[in-house]
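Asks: Can you keep this structure in mind? I'll have questions shortly.
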Amino acid sequence: MERTELIQVLEAAILAADGPLSIERLLRLFEDNDAAPSRADVQSALHALEEACGQRGIELKLVASGYRFQVKQAIARQVARLWEERPPRYSRALLETLALIAYRQPITRGEIEDVRGVAVSSHIVKTLVEREWVQVVGHRDVPGRPALYATTKAFLDYFNLQSLDQLPSLKELQDIDAIHPSLDLGEQPADETPKEAEAEPASTADESVTDTRTKHQD
Amino acid sequence: MERTELIQVLEAAILAADGPLSIERLLRLFEDNDAAPSRADVQSALHALEEACGQRGIELKLVASGYRFQVKQAIARQVARLWEERPPRYSRALLETLALIAYRQPITRGEIEDVRGVAVSSHIVKTLVEREWVQVVGHRDVPGRPALYATTKAFLDYFNLQSLDQLPSLKELQDIDAIHPSLDLGEQPADETPKEAEAEPASTADESVTDTRTKHQD
Amino acid sequence: MGEQTTHPTVNIAGNQGEMPFAIVQGEPLTTPPTDLYIPPDALEVFLDAFEGPLDLLLYLIKRQNLNVLDIPIAAVTQQYMEYIEMMQAMRWELAAEYLVMAAMLAEIKSRMLLPRSVETEEEEDPRAELVRRLQEYEQFKQAAQDLDTLPRMERDLFAAHAVLPVIEQQKTEVPVELREVLLALKDVMSRAEMFTSHRVERETLSLRERMSQVLETLRKSEGFVEFTQLFSPDEGRLGVVVSFMAILELLKAHLIDLAQSEPFAPIYVKPAAPEASSGED
């Protein structure tokens with residue numbers, strides 16, 4: 001198969017698909033083809049496709065479940081005017097629950113409630129499951145066998161991520177020893193964090209927010 | 001607005017929209033823009049976009065309600081394989097219709113509906129005819145002159161049968177679970193045929209379901 | 001629920017007046033209350049603004065720019081209690097979690113007051129557990145905010161799609177097993193209560209097949225077919241009988257007509273229709 005043709009088919013397939021397409025799925029397009037391209041061919045073609053987007057309004061993006069084309073961020077706001085409806089906003093409760101599932105998975109509802117200090121409404125869990133951001137991956141072997149929740153690839157796709165690694169890192173916990181070194185609590189791992197932590201505990205949180213925001217505004 | 005940017009926004013908008021976009025709708029994207037492009041600008045940009053597709057897998061198409069990108073015809077077949085993964089299945093309704101035509105031929109759509117108790121969609125009949133499993137062999141001489149359907153040789157070929165005789169009898173069907181999946185039905189002796197065929201050939205063809213039942217009760 | 005109304009500003013000191021903290025009767029409250037007095041109308045909004053006791057406590061601590069690691073437990077407890085009492089006075093149904101926290105604070109406070117026994121080494125700071133929970137909660141509160149700022153679909157990102165054109169002569173050759181067809185028939189027959197018949201149907205099928213063949217022959221020849229052409233002697237007597245039965249059957253069903261111009265002249269078979277092949281369906 002000609003490279004030009006390969007690139008065209010890949011472009012068309014990714015655009016025609018309902019969701020991101022993995023390399024495996026793309027390779028299967030050529031399965032019965034006599035001159036089926038190799039994985040390396042496909043990867044190189046995808047690379048070419050990515051570069052060809054330079055002057056275009058869209059870009060090729062690799063997210064958790066594969067490749068998709070998306071509107072370039074620089075012009076997304078302009079394009080967003082197509083839709084009258086405002087994009088959905090999510091409550092703090094939902095986002096906190098989602099964050100706990102993302103960072104602590106697999107996790108039970110009870111464990112989420114322990115951290116948040118309040119009950120998690122079933123409505124929130126239902127919404128997360130219905131959006132296919134979260135799924136039950138098993139049950140904890142304790143009385144009641146509570147469901148264990150984990151995030152899905154669709155969650156990563158939605159947030160433009162390839163893997164959980166790409167989530168913003170959690171703010172470090174500080175040891176109370178930093179204040180009272182005499183009291184050895186023995187619970188938390190005594191790493192090197194306390195020193196930096198001492199510096200300015202409150203501000204780090206705020207800075208990271210601003211960082212992320214400015215990063216994605218341009 | 002820069003022409004390059006205009007082209008990018010138009011491309012992104014048409015690709016991001018859920019349906020074709022009219023020029024009016026595209027113009028509205030720039031409504032509050034100080035340097036809003038004119039209609040002529042947009043048209044010329046669309047033209048440029050169209051030409052830029054030369055080497056791509058997609059093309060810009062003007063359909064009744066506006067512009068959309070679609071996969072080029074030449075590679076559409078290849079791209080369509082994306083959806084082949086899940087082999088399509090015929091509906092129960094289609095299989096029942098096919099079975100009734102096989103066992104009760106020649107039969108009209110109305111007669112099929114009588115047995116099934118529900119309307120037979122033209123889509124089903126069309127599919128069976130297109131597949132060349134079923135053909136119209138005549139018309140019943142009643143008002144409306146409904147088409148009479150029968151199975152074809154292609155039907156027999158597909159199911160690896162030499163003749164309809166090799167289909168199990170209705171009675172045997174009751175024990176279908178006992179029938180070997182490969183349906184090696186060719187062993188049945190054919191010599192009793194004439195005698196019993198004589199018995200009452202007419203009734204099955206014309207008379208309604210209930211009639212058949214009452215008449216043939218032993 | 002909007003961010004503006006739900007996020008108590010984390011960093012309070014000297015950093016006021018950006019976004020309204022809450023809107024009460026149309027008046028924006030840009031500054032979170034610095035003392036304990038909250039306008040009664042604002043109280044509900046205020047409570048709504050918190051995601052629970054940990055969130056409220058965190059707010060109380062941050063508001064005074066205190067270090068989470070070194071909470072002046074007495075002062076914070078007092079403030080917390082005052083909120084709770086006020087809310088109870090307003091007869092709001094407080095989530096049980098708020099009361100549990102009140103009890104926990106009271107306990108820590110009393111333990112802090114107890115004189116330390118020197119012998120017990122490595123005694124835990126009574127606040128340790130609370131501090132751990134506060135920090136942990138803060139961690140995820142922050143993570144949730146970070147998550148919210150990530151570019152995401154529908155809001156910042158839009159997937160690009162092209163449609164697939166109608167593919168010409170695309171034959172969808174759906175595989176079907178005979179067994180499936182038979183099962184379908186079994187179903188429809190049971191529904192139609194056909195199985196009460198004890199007839200053997202095998203013969204009928206060959207008869208029916210022949211009927212279809214005769215009709216097809218007629219259709220293909222587009223008119224008259226000579227009677228004898230419908231028989232093939234090489235099928236033997238059996239085949240001839242079946243063909244004959246089929247023709248009789250078709251005659252009876254008024255699907256064909258026989259025509260003969262004079263006695264002993266060839267018999268012709270034709271479709272019963274006035275016109276041969278018109279108007280299907």
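If you're wondering about the labels, chains in the structure tokens are A, B, ... by order shown, residues count from 1 in each chain, ligands from 1 in order shown.
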Would you list the contacts of B:Ala150 as a PDB file with N, CA, C and O atoms, in the first residue's frame, taking every protein, DNA or RNA residue within 10 Å and counting only C-alpha atoms, but skipping same-chain residues closer than 5 positions in sequence?
Replies:
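Saved the output as out14.pdb:
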ATOM      1  N   LEU B  98     -37.986 -15.387   6.613  1.00  0.00           N
ATOM      2  CA  LEU B  98     -37.280 -16.295   5.711  1.00  0.00           C
ATOM      3  C   LEU B  98     -37.759 -17.728   5.919  1.00  0.00           C
ATOM      4  O   LEU B  98     -38.024 -18.462   4.963  1.00  0.00           O
ATOM      5  N   LEU B 100     -40.575 -18.768   7.138  1.00  0.00           N
ATOM      6  CA  LEU B 100     -41.950 -18.951   6.667  1.00  0.00           C
ATOM      7  C   LEU B 100     -41.995 -19.041   5.150  1.00  0.00           C
ATOM      8  O   LEU B 100     -42.760 -19.836   4.598  1.00  0.00           O
ATOM      9  N   ILE B 101     -41.176 -18.256   4.486  1.00  0.00           N
ATOM     10  CA  ILE B 101     -41.157 -18.337   3.019  1.00  0.00           C
ATOM     11  C   ILE B 101     -40.648 -19.710   2.597  1.00  0.00           C
ATOM     12  O   ILE B 101     -41.195 -20.345   1.699  1.00  0.00           O
ATOM     13  N   ALA B 102     -39.625 -20.187   3.291  1.00  0.00           N
ATOM     14  CA  ALA B 102     -39.070 -21.494   2.938  1.00  0.00           C
ATOM     15  C   ALA B 102     -40.100 -22.604   3.117  1.00  0.00           C
ATOM     16  O   ALA B 102     -40.244 -23.468   2.264  1.00  0.00           O
ATOM     17  N   TYR B 103     -40.816 -22.565   4.206  1.00  0.00           N
ATOM     18  CA  TYR B 103     -41.706 -23.677   4.521  1.00  0.00           C
ATOM     19  C   TYR B 103     -43.088 -23.536   3.891  1.00  0.00           C
ATOM     20  O   TYR B 103     -43.799 -24.504   3.752  1.00  0.00           O
ATOM     21  N   ARG B 104     -43.472 -22.323   3.577  1.00  0.00           N
ATOM     22  CA  ARG B 104     -44.842 -22.122   3.127  1.00  0.00           C
ATOM     23  C   ARG B 104     -44.940 -21.583   1.726  1.00  0.00           C
ATOM     24  O   ARG B 104     -45.954 -21.030   1.338  1.00  0.00           O
ATOM     25  N   GLN B 105     -43.866 -21.618   0.983  1.00  0.00           N
ATOM     26  CA  GLN B 105     -43.871 -20.994  -0.322  1.00  0.00           C
ATOM     27  C   GLN B 105     -44.827 -21.695  -1.263  1.00  0.00           C
ATOM     28  O   GLN B 105     -45.036 -22.901  -1.111  1.00  0.00           O
ATOM     29  N   PRO B 106     -45.377 -21.012  -2.247  1.00  0.00           N
ATOM     30  CA  PRO B 106     -45.298 -19.559  -2.406  1.00  0.00           C
ATOM     31  C   PRO B 106     -46.242 -18.881  -1.416  1.00  0.00           C
ATOM     32  O   PRO B 106     -47.346 -19.364  -1.185  1.00  0.00           O
ATOM     33  N   ILE B 107     -45.789 -17.773  -0.904  1.00  0.00           N
ATOM     34  CA  ILE B 107     -46.567 -17.151   0.171  1.00  0.00           C
ATOM     35  C   ILE B 107     -46.549 -15.629  -0.010  1.00  0.00           C
ATOM     36  O   ILE B 107     -45.560 -15.077  -0.513  1.00  0.00           O
ATOM     37  N   THR B 108     -47.610 -15.001   0.347  1.00  0.00           N
ATOM     38  CA  THR B 108     -47.666 -13.537   0.238  1.00  0.00           C
ATOM     39  C   THR B 108     -47.246 -12.927   1.569  1.00  0.00           C
ATOM     40  O   THR B 108     -47.231 -13.591   2.603  1.00  0.00           O
ATOM     41  N   VAL B 129     -34.699 -10.267  -0.741  1.00  0.00           N
ATOM     42  CA  VAL B 129     -34.650 -10.296  -2.204  1.00  0.00           C
ATOM     43  C   VAL B 129     -33.268  -9.879  -2.695  1.00  0.00           C
ATOM     44  O   VAL B 129     -32.691 -10.509  -3.581  1.00  0.00           O
ATOM     45  N   TRP B 133     -32.048 -14.625  -1.757  1.00  0.00           N
ATOM     46  CA  TRP B 133     -32.528 -15.843  -1.105  1.00  0.00           C
ATOM     47  C   TRP B 133     -34.003 -16.052  -1.405  1.00  0.00           C
ATOM     48  O   TRP B 133     -34.539 -17.132  -1.238  1.00  0.00           O
ATOM     49  N   VAL B 134     -34.647 -14.963  -1.786  1.00  0.00           N
ATOM     50  CA  VAL B 134     -36.091 -14.990  -1.962  1.00  0.00           C
ATOM     51  C   VAL B 134     -36.402 -14.265  -3.267  1.00  0.00           C
ATOM     52  O   VAL B 134     -35.734 -13.303  -3.614  1.00  0.00           O
ATOM     53  N   GLN B 135     -37.386 -14.759  -3.972  1.00  0.00           N
ATOM     54  CA  GLN B 135     -37.795 -14.046  -5.185  1.00  0.00           C
ATOM     55  C   GLN B 135     -39.309 -14.050  -5.306  1.00  0.00           C
ATOM     56  O   GLN B 135     -39.994 -14.859  -4.685  1.00  0.00           O
ATOM     57  N   VAL B 136     -39.778 -13.152  -6.135  1.00  0.00           N
ATOM     58  CA  VAL B 136     -41.202 -13.124  -6.424  1.00  0.00           C
ATOM     59  C   VAL B 136     -41.444 -14.113  -7.553  1.00  0.00           C
ATOM     60  O   VAL B 136     -40.798 -14.040  -8.599  1.00  0.00           O
ATOM     61  N   VAL B 137     -42.327 -15.057  -7.330  1.00  0.00           N
ATOM     62  CA  VAL B 137     -42.556 -16.055  -8.370  1.00  0.00           C
ATOM     63  C   VAL B 137     -43.922 -15.869  -9.018  1.00  0.00           C
ATOM     64  O   VAL B 137     -44.285 -16.626  -9.917  1.00  0.00           O
ATOM     65  N   GLY B 138     -44.684 -14.916  -8.600  1.00  0.00           N
ATOM     66  CA  GLY B 138     -45.988 -14.702  -9.200  1.00  0.00           C
ATOM     67  C   GLY B 138     -46.812 -13.787  -8.313  1.00  0.00           C
ATOM     68  O   GLY B 138     -46.270 -13.148  -7.394  1.00  0.00           O
ATOM     69  N   PHE B 155     -30.617 -19.664  -2.077  1.00  0.00           N
ATOM     70  CA  PHE B 155     -30.949 -19.932  -0.679  1.00  0.00           C
ATOM     71  C   PHE B 155     -30.500 -21.342  -0.302  1.00  0.00           C
ATOM     72  O   PHE B 155     -29.836 -21.569   0.711  1.00  0.00           O
TER      73      PHE B 155
ATOM     74  N   ARG C 208     -44.154 -27.973  -2.260  1.00  0.00           N
ATOM     75  CA  ARG C 208     -44.113 -26.507  -2.272  1.00  0.00           C
ATOM     76  C   ARG C 208     -42.925 -26.015  -3.094  1.00  0.00           C
ATOM     77  O   ARG C 208     -43.019 -25.028  -3.795  1.00  0.00           O
ATOM     78  N   GLU C 209     -41.839 -26.744  -2.972  1.00  0.00           N
ATOM     79  CA  GLU C 209     -40.685 -26.345  -3.758  1.00  0.00           C
ATOM     80  C   GLU C 209     -41.018 -26.422  -5.249  1.00  0.00           C
ATOM     81  O   GLU C 209     -40.717 -25.523  -6.015  1.00  0.00           O
ATOM     82  N   MET C 211     -43.950 -26.214  -6.560  1.00  0.00           N
ATOM     83  CA  MET C 211     -44.889 -25.132  -6.881  1.00  0.00           C
ATOM     84  C   MET C 211     -44.116 -23.849  -7.217  1.00  0.00           C
ATOM     85  O   MET C 211     -44.397 -23.167  -8.200  1.00  0.00           O
ATOM     86  N   SER C 212     -43.129 -23.569  -6.368  1.00  0.00           N
ATOM     87  CA  SER C 212     -42.336 -22.362  -6.619  1.00  0.00           C
ATOM     88  C   SER C 212     -41.607 -22.464  -7.943  1.00  0.00           C
ATOM     89  O   SER C 212     -41.523 -21.503  -8.699  1.00  0.00           O
ATOM     90  N   GLN C 213     -41.106 -23.679  -8.216  1.00  0.00           N
ATOM     91  CA  GLN C 213     -40.346 -23.849  -9.457  1.00  0.00           C
ATOM     92  C   GLN C 213     -41.235 -23.629 -10.668  1.00  0.00           C
ATOM     93  O   GLN C 213     -40.833 -23.011 -11.650  1.00  0.00           O
ATOM     94  N   LEU C 215     -43.913 -21.814 -10.813  1.00  0.00           N
ATOM     95  CA  LEU C 215     -44.204 -20.385 -10.942  1.00  0.00           C
ATOM     96  C   LEU C 215     -42.996 -19.645 -11.514  1.00  0.00           C
ATOM     97  O   LEU C 215     -43.139 -18.747 -12.336  1.00  0.00           O
ATOM     98  N   GLU C 216     -41.843 -20.054 -11.088  1.00  0.00           N
ATOM     99  CA  GLU C 216     -40.650 -19.379 -11.576  1.00  0.00           C
ATOM    100  C   GLU C 216     -40.473 -19.622 -13.075  1.00  0.00           C
ATOM    101  O   GLU C 216     -40.139 -18.711 -13.832  1.00  0.00           O
TER     102      GLU C 216
END
Asks: Would you mind listing, for every residue of stretch 120-166 of chain C within 10 Å of stretch 46-59 of chain A, the two atoms forming the shortest contact and the distance between them in Å to one decimal, using only C-alpha atoms, sorted by chain and ascending residue number, as CSV?
Replies:
residue,atom,partner,partner_atom,distance
C:Phe158,CA,A:Ile58,CA,9.3
C:Ala159,CA,A:Ile58,CA,8.9
C:Ala160,CA,A:Ile58,CA,7.3
Asks: Which polymer residues have any atom within 7 Å of an atom of A:Met1, counting only C-alpha atoms, with same-chain residues fewer than 5 positions away left out, as a PyMOL selection string?
Replies: chain A and resi 6+35-37
Asks: When distances are computed from only C-alpha atoms, which of C:Ser190, C:Ser110, C:Ser206, C:Gln135 shows the smallest separation from chain B?
Replies: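 That would be C:Ser206, the residue with the smallest distance to chain B.
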Asks: Would you mind reading off the distance between atom CA of C:Lys270 and atom CA of C:Val240, one decimal, in Å?
Replies: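 That distance, rounded to one decimal, is 18.8 Å.
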Asks: Can you list, as an MDAnalysis selection string, every residue of stretch 30-198 of chain A that DSSP puts in helix (DSSP H, G or I)?
Replies: chainID A and resid 39:55 73:82 92:104 109:116 122:130 153:158 164:166 176:178 193:198
Asks: So which one's closest to chain B, A:Ile23, A:Val79, A:Val63, A:Glu31? Using only C-alpha atoms, please.
Replies: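 Result for the nearest residue to chain B: A:Val79.
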Asks: Between C:Glu138, C:Glu173, C:Glu262, C:Glu235, which residue has the minimum interatomic distance to chain B, considering only C-alpha atoms?
Replies: C:Glu173
Asks: What's the separation between atom CA of A:Leu26 and atom CA of A:Gly66, in Å to one decimal place?
Replies: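 One can read the atom CA of A:Leu26 to atom CA of A:Gly66 distance as 9.6 Å.
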Asks: Set out as a tab-separated table a contact list for chain B and chain A with a cut-off of 7 Å, giving each residue of chain B that qualifies its closest atom pair and distance in Å to one decimal, counting only C-alpha atoms, ordered by chain and rising residue number.
Replies:
residue	atom	partner	partner_atom	distance
B:Gln8	CA	A:Gly57	CA	4.0
B:Val9	CA	A:Gly57	CA	5.8
B:Glu11	CA	A:Gly57	CA	5.8
B:Ala12	CA	A:Gly57	CA	4.9
B:Ala13	CA	A:Val79	CA	5.3
B:Leu29	CA	A:Arg81	CA	6.1
B:Arg56	CA	A:Gln8	CA	5.3
B:Gly57	CA	A:Gln8	CA	4.0
B:Ile58	CA	A:Ala12	CA	5.9
B:Val71	CA	A:Ala12	CA	5.6
B:Ile75	CA	A:Val9	CA	6.4
B:Gln78	CA	A:Leu29	CA	6.8
B:Val79	CA	A:Ala13	CA	5.2
B:Arg81	CA	A:Leu29	CA	6.0
B:Leu82	CA	A:Leu29	CA	6.5
Asks: Take the residues just selected and output them with N, CA, C and O atoms as a PDB file, in the first residue's frame.
Replies:
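The resulting file, again-v5.pdb, is reproduced below:
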ATOM      1  N   GLN B   8      -8.783  27.927   8.944  1.00  0.00           N
ATOM      2  CA  GLN B   8      -8.649  26.981  10.057  1.00  0.00           C
ATOM      3  C   GLN B   8      -9.940  26.879  10.870  1.00  0.00           C
ATOM      4  O   GLN B   8     -10.391  25.794  11.225  1.00  0.00           O
ATOM      5  N   VAL B   9     -10.511  28.043  11.164  1.00  0.00           N
ATOM      6  CA  VAL B   9     -11.734  28.030  11.974  1.00  0.00           C
ATOM      7  C   VAL B   9     -12.861  27.335  11.214  1.00  0.00           C
ATOM      8  O   VAL B   9     -13.601  26.526  11.778  1.00  0.00           O
ATOM      9  N   GLU B  11     -12.609  25.036   8.880  1.00  0.00           N
ATOM     10  CA  GLU B  11     -12.344  23.600   8.849  1.00  0.00           C
ATOM     11  C   GLU B  11     -12.721  22.958  10.185  1.00  0.00           C
ATOM     12  O   GLU B  11     -13.439  21.961  10.235  1.00  0.00           O
ATOM     13  N   ALA B  12     -12.252  23.594  11.252  1.00  0.00           N
ATOM     14  CA  ALA B  12     -12.518  23.029  12.584  1.00  0.00           C
ATOM     15  C   ALA B  12     -14.009  23.014  12.884  1.00  0.00           C
ATOM     16  O   ALA B  12     -14.537  22.036  13.403  1.00  0.00           O
ATOM     17  N   ALA B  13     -14.687  24.090  12.530  1.00  0.00           N
ATOM     18  CA  ALA B  13     -16.118  24.172  12.839  1.00  0.00           C
ATOM     19  C   ALA B  13     -16.896  23.108  12.082  1.00  0.00           C
ATOM     20  O   ALA B  13     -17.733  22.406  12.658  1.00  0.00           O
ATOM     21  N   LEU B  29     -20.474  32.548  13.301  1.00  0.00           N
ATOM     22  CA  LEU B  29     -19.350  32.263  14.185  1.00  0.00           C
ATOM     23  C   LEU B  29     -18.518  33.517  14.437  1.00  0.00           C
ATOM     24  O   LEU B  29     -17.817  33.629  15.435  1.00  0.00           O
ATOM     25  N   ARG B  56      -5.906  14.636   0.815  1.00  0.00           N
ATOM     26  CA  ARG B  56      -6.416  14.096   2.084  1.00  0.00           C
ATOM     27  C   ARG B  56      -7.400  12.962   1.872  1.00  0.00           C
ATOM     28  O   ARG B  56      -7.849  12.696   0.766  1.00  0.00           O
ATOM     29  N   GLY B  57      -7.742  12.352   2.989  1.00  0.00           N
ATOM     30  CA  GLY B  57      -8.688  11.245   2.933  1.00  0.00           C
ATOM     31  C   GLY B  57     -10.136  11.710   2.946  1.00  0.00           C
ATOM     32  O   GLY B  57     -11.051  10.916   2.802  1.00  0.00           O
ATOM     33  N   ILE B  58     -10.315  13.013   3.142  1.00  0.00           N
ATOM     34  CA  ILE B  58     -11.686  13.519   3.212  1.00  0.00           C
ATOM     35  C   ILE B  58     -11.878  14.620   2.181  1.00  0.00           C
ATOM     36  O   ILE B  58     -10.920  15.158   1.641  1.00  0.00           O
ATOM     37  N   VAL B  71     -15.690  11.257   4.064  1.00  0.00           N
ATOM     38  CA  VAL B  71     -14.613  10.377   3.608  1.00  0.00           C
ATOM     39  C   VAL B  71     -14.724  10.232   2.093  1.00  0.00           C
ATOM     40  O   VAL B  71     -15.816  10.072   1.563  1.00  0.00           O
ATOM     41  N   ILE B  75     -11.911   5.645  -0.788  1.00  0.00           N
ATOM     42  CA  ILE B  75     -11.386   4.871   0.340  1.00  0.00           C
ATOM     43  C   ILE B  75     -12.475   4.530   1.350  1.00  0.00           C
ATOM     44  O   ILE B  75     -12.201   3.955   2.399  1.00  0.00           O
ATOM     45  N   GLN B  78     -12.744   0.912   2.464  1.00  0.00           N
ATOM     46  CA  GLN B  78     -11.694   0.505   3.398  1.00  0.00           C
ATOM     47  C   GLN B  78     -12.000   1.017   4.811  1.00  0.00           C
ATOM     48  O   GLN B  78     -11.866   0.295   5.794  1.00  0.00           O
ATOM     49  N   VAL B  79     -12.431   2.258   4.883  1.00  0.00           N
ATOM     50  CA  VAL B  79     -12.730   2.850   6.186  1.00  0.00           C
ATOM     51  C   VAL B  79     -13.923   2.163   6.838  1.00  0.00           C
ATOM     52  O   VAL B  79     -13.978   1.989   8.055  1.00  0.00           O
ATOM     53  N   ARG B  81     -14.569  -0.665   7.107  1.00  0.00           N
ATOM     54  CA  ARG B  81     -14.197  -1.892   7.825  1.00  0.00           C
ATOM     55  C   ARG B  81     -14.075  -1.668   9.317  1.00  0.00           C
ATOM     56  O   ARG B  81     -14.046  -2.620  10.098  1.00  0.00           O
ATOM     57  N   LEU B  82     -13.993  -0.410   9.681  1.00  0.00           N
ATOM     58  CA  LEU B  82     -13.986  -0.086  11.113  1.00  0.00           C
ATOM     59  C   LEU B  82     -15.170  -0.703  11.820  1.00  0.00           C
ATOM     60  O   LEU B  82     -15.093  -1.075  12.985  1.00  0.00           O
TER      61      LEU B  82
END
Asks: Excluding B:Ile112 and its own-chain neighbours fewer than 2 positions away, which residues fall within 12 Å of it when counting only C-alpha atoms? Please give them as a ChimeraX atom specification.
Replies: /B:93-110,114-121,124-125,146-150,208-209 /C:185,188-189,192
Asks: Mind writing the picked residues with C-alpha atoms as a PDB file, in the first residue's frame?
Replies:
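Here's the written file part.pdb:
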ATOM      1  CA  ALA B  93     -38.165 -10.888  12.291  1.00  0.00           C
ATOM      2  CA  LEU B  94     -36.070 -11.400   9.188  1.00  0.00           C
ATOM      3  CA  LEU B  95     -35.211 -14.973  10.069  1.00  0.00           C
ATOM      4  CA  GLU B  96     -38.811 -15.808  10.833  1.00  0.00           C
ATOM      5  CA  THR B  97     -39.911 -14.314   7.551  1.00  0.00           C
ATOM      6  CA  LEU B  98     -37.280 -16.295   5.711  1.00  0.00           C
ATOM      7  CA  ALA B  99     -38.291 -19.480   7.485  1.00  0.00           C
ATOM      8  CA  LEU B 100     -41.950 -18.951   6.667  1.00  0.00           C
ATOM      9  CA  ILE B 101     -41.157 -18.337   3.019  1.00  0.00           C
ATOM     10  CA  ALA B 102     -39.070 -21.494   2.938  1.00  0.00           C
ATOM     11  CA  TYR B 103     -41.706 -23.677   4.521  1.00  0.00           C
ATOM     12  CA  ARG B 104     -44.842 -22.122   3.127  1.00  0.00           C
ATOM     13  CA  GLN B 105     -43.871 -20.994  -0.322  1.00  0.00           C
ATOM     14  CA  PRO B 106     -45.298 -19.559  -2.406  1.00  0.00           C
ATOM     15  CA  ILE B 107     -46.567 -17.151   0.171  1.00  0.00           C
ATOM     16  CA  THR B 108     -47.666 -13.537   0.238  1.00  0.00           C
ATOM     17  CA  ARG B 109     -46.542 -10.961   2.685  1.00  0.00           C
ATOM     18  CA  GLY B 110     -50.040 -10.868   4.124  1.00  0.00           C
ATOM     19  CA  ASP B 114     -51.000 -13.690   9.549  1.00  0.00           C
ATOM     20  CA  VAL B 115     -48.724 -16.327  10.986  1.00  0.00           C
ATOM     21  CA  ARG B 116     -46.296 -13.964  12.652  1.00  0.00           C
ATOM     22  CA  GLY B 117     -49.068 -11.810  14.001  1.00  0.00           C
ATOM     23  CA  VAL B 118     -47.176  -8.631  13.139  1.00  0.00           C
ATOM     24  CA  ALA B 119     -46.490  -6.621  10.038  1.00  0.00           C
ATOM     25  CA  VAL B 120     -43.506  -7.600   7.921  1.00  0.00           C
ATOM     26  CA  SER B 121     -41.468  -4.549   7.059  1.00  0.00           C
ATOM     27  CA  ILE B 124     -36.962  -7.223   5.494  1.00  0.00           C
ATOM     28  CA  VAL B 125     -38.446  -8.393   2.242  1.00  0.00           C
ATOM     29  CA  PRO B 146     -49.948  -9.457  -3.772  1.00  0.00           C
ATOM     30  CA  ALA B 147     -46.571 -10.869  -4.745  1.00  0.00           C
ATOM     31  CA  LEU B 148     -45.910 -14.501  -4.020  1.00  0.00           C
ATOM     32  CA  TYR B 149     -42.525 -15.163  -2.523  1.00  0.00           C
ATOM     33  CA  ALA B 150     -40.471 -18.304  -2.775  1.00  0.00           C
ATOM     34  CA  SER B 208     -55.195 -20.396   7.149  1.00  0.00           C
ATOM     35  CA  VAL B 209     -53.205 -21.564  10.043  1.00  0.00           C
TER      36      VAL B 209
ATOM     37  CA  LEU C 185     -39.378 -20.844  12.569  1.00  0.00           C
ATOM     38  CA  VAL C 188     -42.996 -18.307  15.128  1.00  0.00           C
ATOM     39  CA  MET C 189     -44.725 -21.619  14.828  1.00  0.00           C
ATOM     40  CA  ALA C 192     -48.940 -19.407  15.929  1.00  0.00           C
TER      41      ALA C 192
END
Asks: Tell me the residues of chain C close to chain A, meaning within 7 Å using only C-alpha atoms, as number ranges by chain.
Replies: C: 1, 51-54, 69-70, 97, 122-125, 128, 133, 135-137, 139-144, 146, 149-164
Asks: In Å, rounded to a single decimal, give me how far atom CA of B:His139 is from atom CA of C:Arg219.
Replies: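 The value is 10.1 Å.
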Asks: Which of stretch 52-145 of chain B counts as strand (DSSP E or B) under DSSP, as a list in words please?
Replies: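 The strand (DSSP E or B) residues within stretch 52-145 of chain B come out as Ile58, Glu59, Leu60, Lys61, Leu62, Val63, Gly66, Tyr67, Arg68, Phe69, Gln70, Val71, Ile107, Thr108, Val134, Gln135, Val136, Val137, Gly138 and His139 of chain B.
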